[in-house]
file upload_25.txt (compact mmCIF, C-alpha atoms)
# COMPACT_ATOMS: atom_id res chain seq x y z
CA MET N 1 44.83 -115.52 -75.04
CA ALA N 2 42.67 -118.60 -75.59
CA LYS N 3 44.46 -120.32 -72.73
CA GLY N 4 43.72 -117.48 -70.39
CA LEU N 5 40.05 -117.53 -71.30
CA GLN N 6 39.90 -121.26 -70.83
CA PHE N 7 41.42 -120.93 -67.41
CA MET N 8 38.86 -118.30 -66.40
CA ASP N 9 36.05 -120.42 -67.77
CA ARG N 10 37.19 -123.44 -65.81
CA PHE N 11 37.76 -121.40 -62.67
CA PHE N 12 34.26 -119.92 -62.59
CA GLU N 13 32.66 -123.23 -63.51
CA ARG N 14 34.41 -124.93 -60.60
CA MET N 15 33.45 -122.08 -58.27
CA SER N 16 29.76 -122.15 -59.16
CA ARG N 17 29.58 -125.95 -59.03
CA ARG N 18 31.11 -125.94 -55.59
CA THR N 19 28.68 -123.25 -54.40
CA ALA N 20 25.73 -125.21 -55.82
CA GLN N 21 26.86 -128.37 -54.02
CA GLN N 22 27.70 -126.83 -50.68
CA VAL N 23 25.09 -124.07 -50.20
CA SER N 24 21.39 -124.94 -50.07
CA ARG N 25 19.07 -122.85 -52.21
CA ARG N 26 16.93 -121.81 -49.22
CA HIS N 27 19.99 -120.74 -47.32
CA PHE N 28 21.09 -118.60 -50.23
CA LEU N 29 17.65 -117.02 -50.68
CA SER N 30 17.27 -116.22 -47.00
CA GLY N 31 20.71 -114.65 -46.98
CA LEU N 32 19.90 -112.56 -50.06
CA GLY N 33 16.57 -111.51 -48.53
CA ALA N 34 18.24 -110.43 -45.31
CA ALA N 35 20.81 -108.42 -47.24
CA MET N 36 18.12 -106.68 -49.30
CA VAL N 37 15.92 -105.82 -46.30
CA GLY N 38 18.98 -104.78 -44.29
CA SER N 39 20.17 -102.39 -46.96
CA THR N 40 16.77 -100.65 -47.12
CA PHE N 41 16.80 -100.13 -43.36
CA LEU N 42 20.36 -98.92 -43.21
CA PRO N 43 19.55 -95.24 -44.00
CA VAL N 44 17.11 -94.96 -41.05
CA LEU N 45 19.65 -96.08 -38.46
CA PRO N 46 20.44 -93.36 -35.89
CA VAL N 47 24.02 -93.07 -37.12
CA SER N 48 22.87 -91.55 -40.38
CA ARG N 49 20.55 -89.01 -38.72
CA LYS N 50 23.22 -87.97 -36.26
CA ALA N 51 25.57 -87.17 -39.12
CA GLN N 52 22.91 -84.97 -40.76
CA ALA N 53 22.14 -83.11 -37.51
CA ALA N 54 25.81 -82.32 -37.02
CA GLU N 55 25.82 -80.45 -40.34
CA ASP N 56 24.13 -77.43 -38.77
CA PRO N 57 26.86 -75.33 -37.12
CA ALA N 58 24.46 -73.77 -34.57
CA ALA N 59 23.26 -77.20 -33.43
CA ALA N 60 26.83 -78.48 -33.28
CA TRP N 61 27.89 -75.52 -31.11
CA ALA N 62 24.95 -75.99 -28.71
CA LYS N 63 25.92 -79.61 -28.24
CA GLN N 64 29.62 -78.98 -27.90
CA VAL N 65 29.37 -76.29 -25.19
CA GLU N 66 26.25 -77.77 -23.53
CA ALA N 67 24.32 -74.56 -24.21
CA GLN N 68 21.98 -73.31 -21.48
CA THR N 69 19.16 -70.74 -21.28
CA LYS N 70 19.55 -69.48 -17.69
CA ASP N 71 22.82 -67.56 -17.36
CA PRO N 72 23.59 -64.77 -19.87
CA ARG N 73 26.98 -64.15 -18.19
CA ALA N 74 28.39 -67.49 -19.32
CA CYS N 75 29.91 -68.20 -22.73
CA ASN N 76 27.61 -71.17 -23.25
CA TYR N 77 24.40 -69.11 -22.95
CA TRP N 78 22.53 -70.32 -26.03
CA ARG N 79 22.35 -66.94 -27.83
CA TYR N 80 26.14 -66.61 -28.06
CA CYS N 81 26.65 -69.28 -30.73
CA SER N 82 28.11 -66.66 -33.10
CA SER N 83 29.25 -63.99 -30.65
CA ASP N 84 32.89 -62.91 -30.80
CA GLY N 85 34.08 -60.55 -28.08
CA TYR N 86 33.29 -59.36 -24.56
CA LEU N 87 29.79 -60.09 -23.27
CA CYS N 88 27.79 -56.94 -22.51
CA SER N 89 26.12 -58.98 -19.73
CA CYS N 90 29.43 -58.97 -17.85
CA CYS N 91 30.04 -55.25 -18.48
CA GLY N 92 26.99 -53.72 -16.83
CA GLY N 93 24.53 -54.32 -19.69
CA GLY N 94 22.57 -57.33 -20.81
CA PRO N 95 22.57 -59.69 -23.77
CA ALA N 96 20.33 -57.19 -25.54
CA THR N 97 21.26 -53.89 -23.86
CA CYS N 98 24.41 -51.77 -23.85
CA PRO N 99 26.16 -50.88 -20.58
CA PRO N 100 25.77 -47.23 -19.47
CA GLY N 101 27.93 -44.91 -21.55
CA ALA N 102 28.09 -47.21 -24.59
CA VAL N 103 25.78 -46.86 -27.57
CA PRO N 104 24.33 -49.69 -29.68
CA SER N 105 25.62 -49.76 -33.24
CA PRO N 106 22.83 -49.14 -35.75
CA THR N 107 24.15 -52.03 -37.86
CA SER N 108 24.45 -55.65 -36.83
CA TRP N 109 24.83 -59.06 -38.31
CA VAL N 110 22.07 -61.58 -38.07
CA GLY N 111 22.65 -65.24 -37.43
CA SER N 112 20.73 -68.05 -35.80
CA CYS N 113 21.16 -70.18 -32.69
CA LEU N 114 19.48 -73.34 -31.49
CA ASN N 115 17.62 -73.08 -28.20
CA PRO N 116 18.62 -76.28 -26.39
CA ASP N 117 15.42 -76.45 -24.32
CA ASP N 118 12.81 -76.31 -27.07
CA GLY N 119 15.01 -77.46 -29.98
CA LYS N 120 13.91 -74.47 -32.11
CA MET N 121 16.05 -72.05 -34.07
CA TYR N 122 15.92 -68.31 -33.37
CA LEU N 123 17.33 -65.41 -35.33
CA ILE N 124 19.85 -63.45 -33.27
CA ALA N 125 21.11 -59.93 -34.05
CA TYR N 126 24.73 -59.49 -32.97
CA ARG N 127 25.09 -55.83 -32.22
CA ASP N 128 28.25 -54.24 -30.86
CA CYS N 129 28.09 -51.57 -28.19
CA CYS N 130 30.40 -48.72 -29.11
CA GLY N 131 31.82 -45.39 -28.02
CA LYS N 132 33.60 -46.51 -24.87
CA ASP N 133 36.93 -48.30 -24.24
CA SER N 134 36.71 -52.07 -24.54
CA CYS N 135 35.43 -53.96 -21.53
CA PRO N 136 37.82 -56.87 -21.10
CA LYS N 137 35.39 -59.24 -19.37
CA CYS N 138 33.90 -62.58 -20.44
CA ASN N 139 35.71 -62.97 -23.72
CA CYS N 140 33.75 -65.56 -25.71
CA LEU N 141 34.14 -66.88 -29.21
CA GLY N 142 31.27 -68.56 -31.08
CA THR N 143 31.64 -69.07 -34.80
CA ALA N 144 28.40 -70.78 -35.87
CA GLY N 145 27.42 -69.64 -39.36
CA GLU N 146 30.28 -67.20 -39.55
CA LYS N 147 31.84 -66.58 -42.96
CA PRO N 148 35.44 -65.56 -43.76
CA ALA N 149 36.42 -61.89 -43.67
CA TYR N 150 36.10 -61.57 -47.46
CA ILE N 151 32.33 -61.85 -46.88
CA PRO N 152 32.41 -59.03 -44.34
CA GLN N 153 28.64 -58.81 -43.85
CA LEU N 154 28.70 -62.27 -42.25
CA ASN N 155 31.96 -62.07 -40.37
CA ASN N 156 32.24 -61.41 -36.64
CA ASP N 157 35.96 -60.59 -36.36
CA ILE N 158 35.10 -57.16 -37.70
CA ILE N 159 34.13 -54.41 -35.32
CA TRP N 160 30.47 -53.80 -36.02
CA CYS N 161 30.37 -50.16 -34.94
CA PHE N 162 29.71 -49.19 -38.55
CA GLY N 163 27.32 -46.24 -38.63
CA ALA N 164 27.71 -45.47 -34.92
CA SER N 165 29.01 -42.12 -33.74
CA SER N 166 32.24 -43.76 -32.59
CA MET N 167 34.13 -46.78 -33.89
CA ILE N 168 35.51 -47.68 -30.45
CA TYR N 169 34.34 -51.19 -29.51
CA HIS N 170 33.08 -51.85 -26.00
CA CYS N 171 31.22 -55.19 -25.94
CA SER N 172 28.96 -57.54 -27.93
CA SER N 173 25.23 -57.99 -27.47
CA ALA N 174 22.93 -60.68 -28.82
CA ALA N 175 19.24 -59.77 -29.15
CA ILE N 176 16.61 -62.23 -30.32
CA VAL N 177 15.01 -61.08 -33.57
CA GLY N 178 12.38 -63.80 -33.78
CA GLN N 179 11.62 -67.49 -33.95
CA ILE N 180 12.28 -69.23 -37.26
CA MET A 181 -23.68 -82.56 -37.94
CA LYS A 182 -23.79 -78.96 -36.80
CA TRP A 183 -20.90 -79.26 -34.38
CA ARG A 184 -18.92 -81.01 -37.04
CA MET A 185 -19.37 -78.02 -39.36
CA ALA A 186 -18.45 -75.68 -36.54
CA SER A 187 -15.26 -77.55 -35.70
CA PHE A 188 -14.38 -77.61 -39.39
CA ALA A 189 -14.82 -73.84 -39.61
CA LEU A 190 -12.74 -73.43 -36.47
CA ALA A 191 -9.96 -75.57 -37.91
CA ILE A 192 -10.01 -73.53 -41.13
CA SER A 193 -9.82 -70.24 -39.25
CA PHE A 194 -6.71 -71.44 -37.42
CA ALA A 195 -5.13 -72.68 -40.61
CA LEU A 196 -5.56 -69.34 -42.40
CA PRO A 197 -2.65 -66.93 -42.22
CA VAL A 198 -3.13 -63.91 -40.02
CA ALA A 199 -5.05 -61.32 -42.02
CA GLY A 200 -4.27 -57.62 -42.38
CA GLY A 201 -0.48 -57.99 -42.61
CA GLU A 202 -0.14 -58.65 -38.88
CA THR A 203 2.91 -60.69 -38.00
CA PRO A 204 2.26 -63.89 -36.07
CA THR A 205 3.92 -63.81 -32.67
CA VAL A 206 5.32 -66.29 -30.18
CA SER A 207 4.18 -66.18 -26.55
CA PRO A 208 6.99 -65.50 -24.02
CA ASP A 209 5.88 -68.56 -22.05
CA SER A 210 6.73 -70.84 -24.95
CA VAL A 211 10.31 -69.54 -25.29
CA PRO A 212 12.69 -71.19 -22.82
CA ASP A 213 14.95 -68.23 -22.09
CA VAL A 214 15.43 -66.51 -18.76
CA LEU A 215 15.19 -62.95 -20.12
CA VAL A 216 12.36 -63.48 -22.60
CA ARG A 217 10.28 -64.81 -19.70
CA GLU A 218 11.34 -62.18 -17.18
CA GLN A 219 10.77 -59.28 -19.55
CA ARG A 220 7.70 -60.83 -21.22
CA THR A 221 9.21 -60.23 -24.67
CA VAL A 222 6.80 -61.07 -27.48
CA LEU A 223 8.83 -62.38 -30.41
CA PRO A 224 7.67 -62.45 -34.01
CA LYS A 225 7.43 -65.76 -35.84
CA VAL A 226 9.74 -65.23 -38.83
CA ALA A 227 8.54 -66.48 -42.24
CA PRO A 228 11.17 -68.03 -44.58
CA VAL A 229 11.23 -65.02 -46.93
CA GLU A 230 11.69 -62.65 -43.97
CA GLU A 231 14.44 -64.89 -42.68
CA ASP A 232 16.29 -64.54 -45.99
CA TYR A 233 16.00 -60.75 -45.72
CA ALA A 234 17.04 -60.83 -42.05
CA ARG A 235 20.11 -62.96 -42.63
CA ASN A 236 21.32 -61.25 -45.78
CA CYS A 237 20.15 -57.63 -45.69
CA GLN A 238 18.66 -56.57 -42.38
CA GLY A 239 21.93 -56.15 -40.47
CA CYS A 240 22.71 -53.02 -42.50
CA HIS A 241 19.41 -52.04 -44.17
CA GLY A 242 17.44 -52.33 -40.93
CA HIS A 243 14.39 -54.45 -40.19
CA GLU A 244 12.11 -51.79 -41.64
CA GLY A 245 14.25 -51.01 -44.67
CA HIS A 246 16.10 -47.99 -43.32
CA SER A 247 19.03 -47.44 -40.98
CA VAL A 248 22.03 -45.10 -41.06
CA VAL A 249 22.93 -42.48 -43.69
CA GLU A 250 25.76 -44.64 -45.04
CA VAL A 251 23.39 -47.44 -46.11
CA PRO A 252 21.02 -46.84 -49.03
CA ARG A 253 17.45 -46.55 -47.77
CA LEU A 254 15.00 -49.09 -49.19
CA GLN A 255 11.88 -47.78 -47.49
CA GLY A 256 9.76 -45.45 -49.58
CA ARG A 257 12.07 -45.47 -52.61
CA ALA A 258 13.37 -48.91 -53.73
CA GLY A 259 10.17 -49.41 -55.76
CA TRP A 260 11.09 -46.58 -58.14
CA PHE A 261 13.77 -48.79 -59.67
CA THR A 262 11.07 -51.12 -61.05
CA HIS A 263 9.85 -48.44 -63.48
CA THR A 264 12.64 -49.05 -66.03
CA ARG A 265 14.22 -52.22 -67.41
CA GLU A 266 17.68 -51.07 -66.27
CA GLY A 267 16.40 -50.23 -62.79
CA ARG A 268 14.72 -53.59 -62.46
CA ALA A 269 17.98 -55.29 -63.45
CA TYR A 270 20.00 -53.08 -61.09
CA LEU A 271 18.13 -54.32 -58.01
CA VAL A 272 19.33 -57.86 -58.81
CA GLN A 273 22.84 -56.77 -59.82
CA VAL A 274 23.85 -54.76 -56.76
CA PRO A 275 26.79 -56.75 -55.34
CA ASN A 276 25.20 -58.15 -52.20
CA VAL A 277 22.09 -59.37 -54.03
CA LEU A 278 24.08 -60.76 -56.95
CA GLN A 279 26.46 -62.62 -54.63
CA ALA A 280 23.98 -63.55 -51.89
CA ASN A 281 24.16 -67.16 -50.83
CA LEU A 282 20.57 -67.76 -51.98
CA THR A 283 19.04 -69.57 -54.95
CA ASP A 284 17.60 -67.49 -57.79
CA GLU A 285 14.07 -68.39 -56.68
CA ARG A 286 14.73 -67.23 -53.13
CA VAL A 287 16.31 -63.98 -54.33
CA ALA A 288 13.20 -63.36 -56.48
CA ALA A 289 10.87 -64.04 -53.53
CA MET A 290 12.96 -61.88 -51.21
CA LEU A 291 13.00 -58.93 -53.66
CA ASN A 292 9.24 -59.20 -54.25
CA TRP A 293 8.68 -59.28 -50.49
CA LEU A 294 10.90 -56.31 -49.65
CA LEU A 295 9.56 -54.19 -52.52
CA THR A 296 5.92 -54.66 -51.51
CA GLN A 297 6.77 -54.46 -47.81
CA PHE A 298 8.91 -51.32 -47.82
CA SER A 299 8.10 -49.49 -51.04
CA ASN A 300 4.72 -50.60 -52.33
CA GLU A 301 3.62 -47.07 -53.25
CA GLN A 302 6.64 -46.43 -55.47
CA LEU A 303 6.25 -49.65 -57.50
CA LYS A 304 5.51 -49.40 -61.20
CA PRO A 305 1.72 -49.75 -61.71
CA GLY A 306 1.03 -53.37 -62.61
CA PHE A 307 4.46 -54.42 -61.28
CA GLU A 308 5.25 -57.95 -62.36
CA PRO A 309 7.00 -59.89 -59.60
CA TYR A 310 10.52 -61.15 -60.24
CA THR A 311 10.81 -64.79 -61.20
CA GLY A 312 13.68 -67.19 -60.52
CA ALA A 313 14.41 -67.40 -64.27
CA GLU A 314 14.65 -63.61 -64.57
CA VAL A 315 16.95 -63.40 -61.56
CA HIS A 316 19.06 -66.24 -62.98
CA ALA A 317 19.60 -64.38 -66.26
CA LEU A 318 20.31 -61.05 -64.55
CA ARG A 319 22.74 -62.54 -62.06
CA LYS A 320 24.95 -63.66 -64.96
CA GLN A 321 25.61 -60.06 -65.95
CA ARG A 322 27.99 -58.36 -63.58
CA ILE A 323 28.11 -54.60 -63.36
CA GLU A 324 31.52 -52.97 -63.38
CA SER A 325 31.05 -50.27 -60.76
CA VAL A 326 27.98 -50.10 -58.60
CA ILE A 327 28.36 -46.33 -58.15
CA THR A 328 28.65 -45.61 -61.90
CA ARG A 329 25.85 -48.00 -62.78
CA ARG A 330 23.58 -46.57 -60.12
CA ARG A 331 24.15 -43.05 -61.46
CA GLU A 332 23.23 -44.18 -65.00
CA VAL A 333 20.10 -45.95 -63.78
CA VAL A 334 19.00 -43.02 -61.62
CA ASP A 335 19.59 -40.56 -64.51
CA GLY A 336 17.40 -42.83 -66.67
CA LEU A 337 14.64 -42.66 -64.05
CA VAL A 338 14.87 -38.86 -64.00
CA ARG A 339 14.65 -38.71 -67.82
CA ALA A 340 11.64 -41.04 -67.74
CA GLY A 341 9.96 -38.69 -65.27
CA VAL A 342 9.74 -41.32 -62.52
CA ILE A 343 11.58 -39.17 -59.97
CA PRO A 344 11.98 -35.38 -60.03
CA ASP A 345 15.77 -35.40 -59.59
CA ALA A 346 18.70 -37.68 -58.73
CA THR A 347 18.74 -36.78 -55.04
CA ALA A 348 15.51 -38.79 -54.58
CA LEU A 349 17.60 -41.94 -55.07
CA ALA A 350 20.97 -40.75 -53.78
CA PHE A 351 23.19 -43.63 -52.69
CA SER A 352 23.72 -42.06 -49.28
CA LEU A 353 21.29 -39.86 -47.40
CA GLU A 354 24.14 -37.66 -46.30
CA PRO A 355 24.86 -34.83 -48.75
CA GLY A 356 28.35 -34.86 -50.20
CA ARG A 357 28.90 -38.61 -49.90
CA TYR A 358 29.42 -40.44 -53.20
call {"tool": "encode", "arguments": {"input": "upload_25.txt", "output": "structure tokens"}}
result
Amino acid sequence: MAKGLQFMDRFFERMSRRTAQQVSRRHFLSGLGAAMVGSTFLPVLPVSRKAQAAEDPAAAWAKQVEAQTKDPRACNYWRYCSSDGYLCSCCGGGPATCPPGAVPSPTSWVGSCLNPDDGKMYLIAYRDCCGKDSCPKCNCLGTAGEKPAYIPQLNNDIIWCFGASSMIYHCSSAAIVGQI
Amino acid sequence: MKWRMASFALAISFALPVAGGETPTVSPDSVPDVLVREQRTVLPKVAPVEEDYARNCQGCHGHEGHSVVEVPRLQGRAGWFTHTREGRAYLVQVPNVLQANLTDERVAAMLNWLLTQFSNEQLKPGFEPYTGAEVHALRKQRIESVITRRREVVDGLVRAGVIPDATALAFSLEPGRY
């Protein structure tokens, strides 16, 4: 026990003496200073901010698919970040209108997407068009902000024709509710 | 000096929220979207409390507090619940408020907003807004069956003379359901 302690004592003494002989005090202080300043600046490096930005699923989707604001018939149109199904824009309707013969469901689920051109978030109402056989065109799957099926009010695998006169799903629309 | 006062007043008038309950809007030209610009759609600027309602409630309850017969109507009747202690608690304990992914403070703010927005006339005179602490305490008590509990609460409101009969607060607007 005592021997072990003596060994440790001698070891650290030798270490610190060697450091004192070989390293100049100014060199040590400048090194310490650099380390302290460096550590305070570390959190503002772009790496850290990038990691935080990626936390938002809508922003991550927009980046991943290179979201655009010009063509509502493409899966990467910015409003479709949480749309799951056939695009009404490809079925004779628009991103906010049902094709002829299909009726908009009175219920919807509301999510948000990032507009890639102004960098702002907008609330989007995902509303299914119902009452007509499914339109098998432009099948797109966005899952930003979606929750598992056991939280049905925020899940988009479910057919949202709830409350409509018919539960037959035709296509999915995505209307802008407002700017956040 | 005069112009300085004038510019100060101008700055203040811009800083003030829009009076008279009008929602601030966003010009179509400032929204980079092909259809918003083509159709000249004027979008509302959504306040945080409205966003919480929109994300968690609006899909089924509608943006004005009413939608289909299957979904309980908030507009013109939710305020009645604030007349009794049990009713006030019930509004926090309905499953989708109790389990909403919102802090107690945000649930309190959202309830206060929707009650004054959709059912101001039915509120108990001198209605005291919900607080985060109150919501916190109420959220700890789960109700067994929302249908049974609602019936008890509504019967209590009838006995207290707040509403003439139970149909005024029927769960569904369609007769014969629930």
call {"tool": "closest_residue", "arguments": {"input": "upload_25.txt", "among": "A:Gly259, A:Pro252, A:Pro228, A:Gly341", "to": "Phe298 (chain A)", "atoms": "all atoms listed in the file"}}
result
A:Gly259
call {"tool": "closest_residue", "arguments": {"input": "upload_25.txt", "among": "N:Ile151, N:Cys161, N:Cys140, N:Leu29", "to": "Ala280 (chain A)", "atoms": "all atoms listed in the file"}}
result
N:Ile151
call {"tool": "closest_atom_pairs", "arguments": {"input": "upload_25.txt", "of": "chain A", "to": "chain N", "cutoff": "8 Å", "atoms": "all atoms listed in the file", "output": "Markdown table"}}
result
| residue | atom | partner | partner_atom | distance |
| --- | --- | --- | --- | --- |
| A:Val206 | CA | N:Gln179 | CA | 7.4 |
| A:Val211 | CA | N:Asp118 | CA | 7.4 |
| A:Pro212 | CA | N:Asp117 | CA | 6.1 |
| A:Asp213 | CA | N:Thr69 | CA | 5.0 |
| A:Val214 | CA | N:Lys70 | CA | 5.2 |
| A:Leu223 | CA | N:Gly178 | CA | 5.1 |
| A:Pro224 | CA | N:Gly178 | CA | 4.9 |
| A:Lys225 | CA | N:Gln179 | CA | 4.9 |
| A:Val226 | CA | N:Ile180 | CA | 5.0 |
| A:Ala227 | CA | N:Ile180 | CA | 6.8 |
| A:Pro228 | CA | N:Ile180 | CA | 7.5 |
| A:Glu231 | CA | N:Ile180 | CA | 7.3 |
| A:Ala234 | CA | N:Val110 | CA | 6.5 |
| A:Arg235 | CA | N:Val110 | CA | 5.2 |
| A:Asn236 | CA | N:Val110 | CA | 7.8 |
| A:Gln238 | CA | N:Val110 | CA | 7.4 |
| A:Gly239 | CA | N:Ser108 | CA | 4.5 |
| A:Cys240 | CA | N:Thr107 | CA | 5.0 |
| A:His241 | CA | N:Thr107 | CA | 7.9 |
| A:Gly242 | CA | N:Thr107 | CA | 7.4 |
| A:Ser247 | CA | N:Pro106 | CA | 6.7 |
| A:Val248 | CA | N:Gly163 | CA | 5.9 |
| A:Val249 | CA | N:Gly163 | CA | 7.7 |
| A:Glu250 | CA | N:Gly163 | CA | 6.8 |
call {"tool": "atom_distance", "arguments": {"input": "upload_25.txt", "atom1": "CA of Gly142 (chain N)", "atom2": "CA of Ser89 (chain N)"}}
result
15.7 Å
call {"tool": "closest_residue", "arguments": {"input": "upload_25.txt", "among": "N:Cys129, N:Ile168, N:Ile159, N:Leu141", "to": "Gly92 (chain N)", "atoms": "all atoms listed in the file"}}
result
N:Cys129
call {"tool": "closest_residue", "arguments": {"input": "upload_25.txt", "among": "A:Ala348, A:Pro305, A:Gln273, A:Tyr310", "to": "Ile327 (chain A)", "atoms": "only C-alpha atoms"}}
result
A:Gln273
call {"tool": "residues_around", "arguments": {"input": "upload_25.txt", "residues": "Ala62 (chain N)", "least_positions_apart": "3", "cutoff": "7 Å", "atoms": "only C-alpha atoms", "output": "ChimeraX atom specification"}}
result
/N:58-59,65-67,78,114,116
call {"tool": "residues_around", "arguments": {"input": "upload_25.txt", "residues": "Ala313 (chain A)", "least_positions_apart": "6", "cutoff": "12 Å", "atoms": "only C-alpha atoms", "output": "PyMOL selection string"}}
result
chain A and resi 283-289+319-320
call {"tool": "atom_distance", "arguments": {"input": "upload_25.txt", "atom1": "CA of Gln255 (chain A)", "atom2": "CA of Val103 (chain N)"}}
result
24.3 Å
call {"tool": "atom_distance", "arguments": {"input": "upload_25.txt", "atom1": "CA of Thr347 (chain A)", "atom2": "CA of Lys304 (chain A)"}}
result
19.3 Å
call {"tool": "axis_aligned_box", "arguments": {"input": "upload_25.txt", "around": "region 325-341 of chain A", "padding_each_side": "4 Å", "output": "AutoDock Vina command-line options"}}
result
--center_x 20.5 --center_y -44.5 --center_z -63.0 --size_x 29.1 --size_y 19.6 --size_z 17.7
call {"tool": "residues_around", "arguments": {"input": "upload_25.txt", "residues": "Ile343 (chain A)", "least_positions_apart": "3", "cutoff": "10 Å", "atoms": "all atoms listed in the file", "output": "PyMOL selection string"}}
result
chain A and resi 257+260-261+302+334-340+346-349
call {"tool": "closest_residue", "arguments": {"input": "upload_25.txt", "among": "N:Thr19, N:Gln6, N:Ser172, N:Ser30", "to": "Asn139 (chain N)", "atoms": "only C-alpha atoms"}}
result
N:Ser172
call {"tool": "residues_around", "arguments": {"input": "upload_25.txt", "residues": "Val274 (chain A)", "least_positions_apart": "4", "cutoff": "7 Å", "atoms": "only C-alpha atoms", "output": "tab-separated table (two decimals) with C-alpha atoms, in the coordinates of the input"}}
result
chain	number	residue	atom	x	y	z
A	270	TYR	CA	20.00	-53.08	-61.09
A	278	LEU	CA	24.08	-60.76	-56.95
A	326	VAL	CA	27.98	-50.10	-58.60
call {"tool": "closest_residue", "arguments": {"input": "upload_25.txt", "among": "A:Gly312, A:Gly256, A:Glu230, A:Pro275", "to": "His243 (chain A)", "atoms": "all atoms listed in the file"}}
result
A:Glu230
